[in-house]
file data-v6.cif (mmCIF, C-alpha atoms)
data_upload
#
loop_
_atom_site.label_atom_id
_atom_site.label_comp_id
_atom_site.auth_asym_id
_atom_site.auth_seq_id
_atom_site.Cartn_x
_atom_site.Cartn_y
_atom_site.Cartn_z
CA MET E 15 -8.63 12.59 23.71
CA PRO E 16 -5.62 10.90 25.31
CA LEU E 17 -3.69 8.33 23.38
CA PRO E 18 -3.99 4.70 24.56
CA ARG E 19 -1.51 3.57 27.14
CA SER E 20 -0.10 0.97 24.76
CA PHE E 21 0.67 3.75 22.28
CA LYS E 22 2.70 5.68 24.81
CA LYS E 23 4.74 2.62 25.64
CA ALA E 24 5.84 1.86 22.11
CA LEU E 25 5.76 3.58 18.75
CA TRP E 26 5.03 1.12 15.98
CA VAL E 27 6.42 2.02 12.60
CA PHE E 28 5.51 0.61 9.21
CA HIS E 29 8.20 0.85 6.57
CA ILE E 30 7.27 1.08 2.90
CA ALA E 31 9.70 1.45 0.01
CA THR E 32 7.99 3.13 -2.94
CA GLY E 33 10.87 2.90 -5.37
CA SER E 34 13.94 3.24 -3.23
CA CYS E 35 17.37 1.99 -4.28
CA ASN E 36 17.44 0.28 -0.87
CA GLY E 37 20.17 2.57 0.44
CA CYS E 38 17.77 4.24 2.89
CA ASP E 39 16.19 0.90 3.71
CA ILE E 40 19.58 -0.43 4.73
CA GLU E 41 20.04 2.60 6.99
CA ILE E 42 16.64 1.92 8.57
CA VAL E 43 17.80 -1.61 9.25
CA ALA E 44 21.00 -0.14 10.68
CA ALA E 45 18.88 1.88 13.12
CA LEU E 46 17.50 -1.43 14.39
CA THR E 47 20.89 -3.04 14.88
CA PRO E 48 22.58 -3.10 18.32
CA ARG E 49 24.68 -0.03 17.49
CA TYR E 50 21.59 2.23 17.44
CA ASP E 51 18.94 -0.15 18.79
CA VAL E 52 15.82 1.99 18.43
CA GLU E 53 13.75 -0.71 20.08
CA ARG E 54 15.17 0.38 23.41
CA PHE E 55 13.08 3.53 22.90
CA GLY E 56 10.04 1.41 22.11
CA ILE E 57 10.30 2.12 18.39
CA MET E 58 9.75 -1.04 16.41
CA LEU E 59 8.79 -2.03 12.91
CA THR E 60 5.44 -3.67 12.43
CA GLY E 61 4.34 -5.91 9.60
CA THR E 62 1.07 -4.17 8.81
CA PRO E 63 0.03 -0.53 8.59
CA ARG E 64 -3.13 -1.38 10.50
CA HIS E 65 -1.01 -1.62 13.66
CA ALA E 66 1.23 1.34 12.88
CA ASP E 67 1.47 4.82 14.35
CA VAL E 68 4.07 6.07 11.89
CA LEU E 69 4.62 5.43 8.19
CA LEU E 70 8.26 5.43 7.17
CA VAL E 71 8.45 5.95 3.41
CA THR E 72 11.61 5.62 1.33
CA GLY E 73 12.19 6.40 -2.31
CA PRO E 74 10.35 8.39 -4.96
CA VAL E 75 6.86 7.17 -5.74
CA THR E 76 6.96 5.03 -8.85
CA LYS E 77 3.81 4.58 -10.91
CA PRO E 78 3.15 0.96 -9.82
CA MET E 79 3.53 1.97 -6.17
CA LEU E 80 1.16 4.94 -6.36
CA PRO E 81 -2.10 3.07 -5.58
CA ARG E 82 -0.34 0.91 -3.01
CA LEU E 83 1.03 3.90 -1.12
CA LYS E 84 -2.40 5.53 -1.07
CA ARG E 85 -4.01 2.30 0.10
CA ILE E 86 -1.46 1.78 2.86
CA TYR E 87 -1.90 5.37 4.03
CA ASP E 88 -5.67 4.83 4.17
CA GLN E 89 -5.20 1.61 6.12
CA THR E 90 -3.13 3.28 8.83
CA PRO E 91 -5.31 4.23 11.80
CA ASP E 92 -5.48 7.79 13.12
CA PRO E 93 -3.61 9.54 14.57
CA LYS E 94 -0.73 8.84 12.24
CA ALA E 95 2.42 10.55 11.10
CA VAL E 96 4.33 10.14 7.86
CA VAL E 97 8.12 10.32 7.80
CA VAL E 98 9.93 10.41 4.47
CA VAL E 99 13.46 9.10 4.55
CA GLY E 100 15.97 10.01 1.87
CA GLY E 101 16.43 12.67 -0.76
CA CYS E 102 14.43 10.76 -3.39
CA GLY E 103 11.31 10.63 -1.24
CA CYS E 104 11.71 14.25 -0.17
CA THR E 105 12.25 15.84 -3.58
CA GLY E 106 12.49 13.11 -6.20
CA GLY E 107 16.27 13.26 -6.00
CA VAL E 108 18.09 11.90 -9.01
CA PHE E 109 14.77 10.54 -10.28
CA TYR E 110 13.19 14.00 -10.41
CA GLU E 111 10.69 14.13 -13.31
CA SER E 112 11.70 10.66 -14.41
CA TYR E 113 9.27 8.99 -16.84
CA ASN E 114 8.30 6.25 -14.40
CA VAL E 115 8.10 8.35 -11.25
CA VAL E 116 4.98 10.15 -10.05
CA GLY E 117 7.01 12.46 -7.84
CA PRO E 118 8.12 12.89 -4.26
CA VAL E 119 6.00 11.36 -1.52
CA ASP E 120 4.28 14.61 -0.54
CA GLU E 121 2.62 14.73 -3.96
CA VAL E 122 0.71 11.59 -3.04
CA ILE E 123 0.11 11.65 0.72
CA PRO E 124 0.57 14.32 3.41
CA VAL E 125 4.05 14.25 4.88
CA ASP E 126 4.90 15.41 8.41
CA VAL E 127 8.65 14.92 8.67
CA TYR E 128 11.33 15.05 5.98
CA VAL E 129 14.64 13.27 6.59
CA PRO E 130 16.96 14.18 3.69
CA GLY E 131 20.16 12.40 2.84
CA CYS E 132 21.49 9.95 0.32
CA PRO E 133 21.14 7.82 2.24
CA SER E 134 19.95 9.31 5.51
CA ARG E 135 22.07 8.42 8.51
CA PRO E 136 20.44 6.30 11.23
CA GLU E 137 20.77 9.19 13.67
CA ALA E 138 18.76 11.37 11.29
CA ILE E 139 16.11 8.67 10.88
CA ILE E 140 15.75 8.33 14.65
CA ASP E 141 15.52 12.11 14.93
CA GLY E 142 12.79 12.12 12.29
CA VAL E 143 10.75 9.49 14.10
CA VAL E 144 11.10 11.44 17.35
CA LYS E 145 9.80 14.53 15.53
CA ALA E 146 6.88 12.40 14.38
CA VAL E 147 6.14 11.65 18.03
CA THR E 148 5.95 15.39 18.62
CA LYS E 149 3.44 15.68 15.80
CA LEU E 150 1.37 12.83 17.24
CA GLU E 151 1.37 14.54 20.63
CA THR E 152 0.09 17.67 18.91
CA LEU E 153 -2.69 15.63 17.36
CA GLU E 154 -3.43 14.21 20.80
CA ARG E 155 -3.87 17.69 22.22
CA ALA E 156 -6.00 18.62 19.21
CA GLY E 157 -8.27 15.71 20.03
CA VAL E 158 -7.75 13.53 16.96
CA SER E 159 -9.09 10.12 17.88
CA GLY E 160 -6.66 7.25 18.25
CA MET D 9 -16.83 -28.41 45.07
CA ASN D 10 -18.00 -31.61 43.46
CA GLY D 11 -15.50 -33.36 41.33
CA ILE D 12 -13.73 -36.57 40.55
CA SER D 13 -10.39 -37.34 42.08
CA SER D 14 -8.47 -40.44 41.17
CA GLY D 15 -4.92 -41.54 41.69
CA PHE D 16 -4.01 -40.11 38.29
CA GLY D 17 -5.66 -36.70 38.36
CA ALA D 18 -8.70 -34.63 39.17
CA TRP D 19 -11.70 -33.33 37.26
CA ASN D 20 -13.87 -30.54 38.49
CA PRO D 21 -16.29 -28.82 36.08
CA ILE D 22 -16.59 -25.74 38.27
CA ALA D 23 -12.83 -25.29 38.35
CA TRP D 24 -12.71 -25.61 34.56
CA ALA D 25 -15.54 -23.11 34.16
CA LEU D 26 -13.71 -20.65 36.42
CA LEU D 27 -10.53 -21.17 34.43
CA PHE D 28 -12.31 -20.43 31.13
CA ILE D 29 -14.00 -17.38 32.59
CA GLY D 30 -10.59 -16.16 33.78
CA ILE D 31 -9.12 -16.69 30.29
CA LEU D 32 -12.01 -14.83 28.66
CA ALA D 33 -11.73 -11.98 31.16
CA THR D 34 -7.98 -11.72 30.53
CA GLY D 35 -8.58 -11.62 26.77
CA PHE D 36 -11.18 -8.93 27.24
CA VAL D 37 -8.76 -6.84 29.29
CA PHE D 38 -6.13 -7.16 26.53
CA ARG D 39 -8.76 -6.17 23.98
CA LEU D 40 -9.46 -2.99 25.92
CA PHE D 41 -5.87 -1.92 25.26
CA GLY D 42 -6.54 -1.95 21.50
CA LYS D 43 -7.29 1.08 19.40
CA LYS D 44 -10.94 1.99 19.40
CA GLY D 45 -10.86 4.71 16.78
CA TYR D 46 -10.90 2.61 13.63
CA LYS D 47 -13.09 4.31 11.07
CA ARG D 48 -15.56 1.81 9.73
CA GLY D 49 -16.11 1.67 6.01
CA THR D 50 -12.64 3.05 5.24
CA GLY D 51 -9.37 1.38 4.40
CA GLN D 52 -8.61 1.18 8.12
CA THR D 53 -10.84 -1.85 8.46
CA LYS D 54 -9.78 -3.59 5.25
CA VAL D 55 -7.41 -6.48 4.94
CA PHE D 56 -3.76 -5.57 4.40
CA LEU D 57 -2.37 -7.47 1.41
CA SER D 58 1.02 -5.81 1.06
CA GLY D 59 -0.70 -2.75 -0.35
CA ASN D 60 -2.50 -4.70 -3.04
CA GLU D 61 -6.20 -4.42 -3.60
CA GLU D 62 -8.35 -7.13 -2.14
CA PRO D 63 -9.75 -9.11 -5.08
CA GLU D 64 -13.48 -9.65 -5.42
CA ASP D 65 -12.95 -13.39 -5.67
CA SER D 66 -11.12 -14.41 -2.50
CA THR D 67 -10.29 -17.83 -3.97
CA ALA D 68 -7.85 -16.06 -6.28
CA LEU D 69 -5.61 -15.69 -3.23
CA HIS D 70 -5.74 -19.32 -2.21
CA VAL D 71 -2.50 -21.22 -2.61
CA ARG D 72 -3.45 -24.79 -3.30
CA GLY D 73 -1.25 -27.81 -2.73
CA ASP D 74 -0.93 -28.45 -6.45
CA HIS D 75 0.64 -25.02 -6.94
CA LEU D 76 3.82 -26.60 -5.59
CA TYR D 77 4.15 -28.91 -8.59
CA TRP D 78 2.37 -26.93 -11.27
CA GLY D 79 5.43 -27.19 -13.54
CA MET D 80 5.23 -30.96 -13.56
CA VAL D 81 1.50 -30.82 -14.31
CA GLU D 82 2.16 -28.35 -17.11
CA GLY D 83 4.95 -30.51 -18.54
CA LEU D 84 2.77 -33.63 -18.46
CA SER D 85 -0.44 -31.85 -19.38
CA GLY D 86 -1.29 -34.38 -22.10
CA TYR D 87 -1.10 -37.25 -19.63
CA TYR D 88 -3.02 -35.38 -16.93
CA ARG D 89 -5.75 -34.39 -19.38
CA ARG D 90 -6.44 -38.03 -20.20
CA ILE D 91 -6.16 -39.22 -16.59
CA ARG D 92 -8.48 -36.51 -15.30
CA ALA D 93 -11.08 -37.46 -17.91
CA LEU D 94 -11.14 -40.96 -16.45
CA HIS D 95 -11.85 -39.63 -12.94
CA THR D 96 -15.58 -39.26 -13.41
CA GLY D 97 -16.47 -39.52 -9.72
CA VAL D 98 -19.00 -42.23 -10.57
CA LEU D 99 -18.55 -45.32 -8.39
CA ASN D 100 -19.80 -47.62 -11.14
CA ASP D 101 -16.99 -46.40 -13.41
CA TYR D 102 -14.36 -47.09 -10.78
CA GLY D 103 -15.84 -50.54 -10.12
CA ALA D 104 -15.75 -51.25 -13.84
CA TRP D 105 -12.10 -50.22 -13.96
CA ILE D 106 -11.23 -52.57 -11.08
CA ILE D 107 -13.02 -55.48 -12.71
CA GLY D 108 -11.53 -54.71 -16.08
CA VAL D 109 -7.96 -54.43 -14.78
CA LEU D 110 -8.36 -57.57 -12.65
CA ALA D 111 -9.66 -59.43 -15.71
CA LEU D 112 -6.65 -58.21 -17.69
CA VAL D 113 -4.30 -59.35 -14.92
CA PHE D 114 -5.91 -62.80 -14.86
CA VAL D 115 -5.68 -63.09 -18.62
CA ILE D 116 -1.98 -62.16 -18.50
CA LEU D 117 -1.37 -64.67 -15.69
CA ALA D 118 -3.19 -67.36 -17.64
CA LEU D 119 -1.12 -66.65 -20.73
CA VAL D 120 2.15 -66.63 -18.78
CA ARG D 121 1.39 -69.94 -17.11
#
call {"tool": "encode", "arguments": {"input": "data-v6.cif", "output": "structure tokens"}}
result
Amino acid sequence: MPLPRSFKKALWVFHIATGSCNGCDIEIVAALTPRYDVERFGIMLTGTPRHADVLLVTGPVTKPMLPRLKRIYDQTPDPKAVVVVGGCGCTGGVFYESYNVVGPVDEVIPVDVYVPGCPSRPEAIIDGVVKAVTKLETLERAGVSG
Amino acid sequence: MNGISSGFGAWNPIAWALLFIGILATGFVFRLFGKKGYKRGTGQTKVFLSGNEEPEDSTALHVRGDHLYWGMVEGLSGYYRRIRALHTGVLNDYGAWIIGVLALVFVILALVR
């Protein structure tokens, strides 16, 4: 089933920080600034996961954020891709096996693209989102409804 | 088309009807661009509240006007408790208060004079 035309024009991304130190979040903001300007590619942040194509998750998953992350993942329409930004979200990082951390993001929701780094550079974040587009195109060919 | 035309403007119900039909048709076209694959009965059709669960009692989310000055109400809770008790909502009570206060004012004026 082909993706809607509006989807092909712009990729809407929802950003959620599940316990990040805000370093990766600042780099995501940097990707939106005129120096990188991801909106020229049609990539833009949206205020609700219900409008999103991609979930951009930063930080390890803390215990209070566990149900919220699951809920937000459920609220994102299909097809969707999950991009984890930063070493903490990918592996737990310096918070690995911490008492208040559930674990890396892929222990809670399925992850498609890992963008390591502490913090990840904006170029790497953009590359990760582009890889997520590839995954969404694969889903399109597989016939996952949009 | 029948209508009214004056020196200040024109009114034509058919033109208005056509305009509204055009607006509705445009909205419908925009709606067609939306995603159709939402899975009913899942989280995809639930309200997004920053990841929080939607409470059973929706009034728990309402932000009332008095939330802006709750600190003052809390600080003067003794005063507000007594004042609220007087607000019975019964018109006879309010009428009695008016008459009573007016009587008090007249008594004070009589004493002052």
call {"tool": "atom_distance", "arguments": {"input": "data-v6.cif", "atom1": "CA of Phe41 in chain D", "atom2": "CA of Pro63 in chain E"}}
result
17.7 Å
call {"tool": "atom_distance", "arguments": {"input": "data-v6.cif", "atom1": "CA of Val116 in chain E", "atom2": "CA of Gly142 in chain E"}}
result
23.7 Å
call {"tool": "residues_near_point", "arguments": {"input": "data-v6.cif", "point": "(2.2, -4.3, 5.7)", "cutoff": "7 Å", "atoms": "only C-alpha atoms", "output": "list in words"}}
result
Phe28, Gly61, Thr62 and Pro63 of chain E; Phe56, Ser58 and Gly59 of chain D
call {"tool": "residues_around", "arguments": {"input": "data-v6.cif", "residues": "Val96 in chain E", "least_positions_apart": "2", "cutoff": "12 Å", "atoms": "all atoms listed in the file", "output": "JSON, numbers by chain"}}
result
{"E": [27, 28, 29, 30, 63, 66, 67, 68, 69, 70, 71, 72, 83, 86, 87, 88, 90, 91, 92, 93, 94, 98, 99, 103, 104, 119, 120, 122, 123, 124, 125, 126, 127, 128, 129, 142, 143, 144, 145, 146, 147, 149, 150]}
call {"tool": "resolve_selection", "arguments": {"input": "data-v6.cif", "expression": "the PyMOL selection byres ((chain D and resi 44-46) around 10)", "output": "list in words"}}
result
Pro18, Arg64, Gln89, Thr90, Pro91, Asp92, Pro93, Val158, Ser159 and Gly160 of chain E; Arg39, Leu40, Phe41, Gly42, Lys43, Lys47, Arg48, Gly49, Thr50, Gly51, Gln52 and Thr53 of chain D
call {"tool": "decode", "arguments": {"input": "data-v6.cif", "residues": "range 94-106 of chain D", "atoms": "C-alpha atoms", "output": "JSON list (two decimals), in the first residue's frame"}}
result
[["chain", "number", "residue", "atom", "x", "y", "z"],
["D", 94, "LEU", "CA", -23.22, 32.82, 53.57],
["D", 95, "HIS", "CA", -23.63, 32.25, 49.81],
["D", 96, "THR", "CA", -26.60, 29.94, 50.10],
["D", 97, "GLY", "CA", -27.97, 30.64, 46.62],
["D", 98, "VAL", "CA", -31.38, 31.39, 48.14],
["D", 99, "LEU", "CA", -32.78, 34.71, 46.94],
["D", 100, "ASN", "CA", -34.62, 35.29, 50.20],
["D", 101, "ASP", "CA", -31.31, 35.12, 52.09],
["D", 102, "TYR", "CA", -29.72, 37.69, 49.80],
["D", 103, "GLY", "CA", -32.76, 39.96, 50.12],
["D", 104, "ALA", "CA", -32.56, 39.65, 53.88],
["D", 105, "TRP", "CA", -28.89, 40.62, 53.77],
["D", 106, "ILE", "CA", -29.65, 43.72, 51.69]]
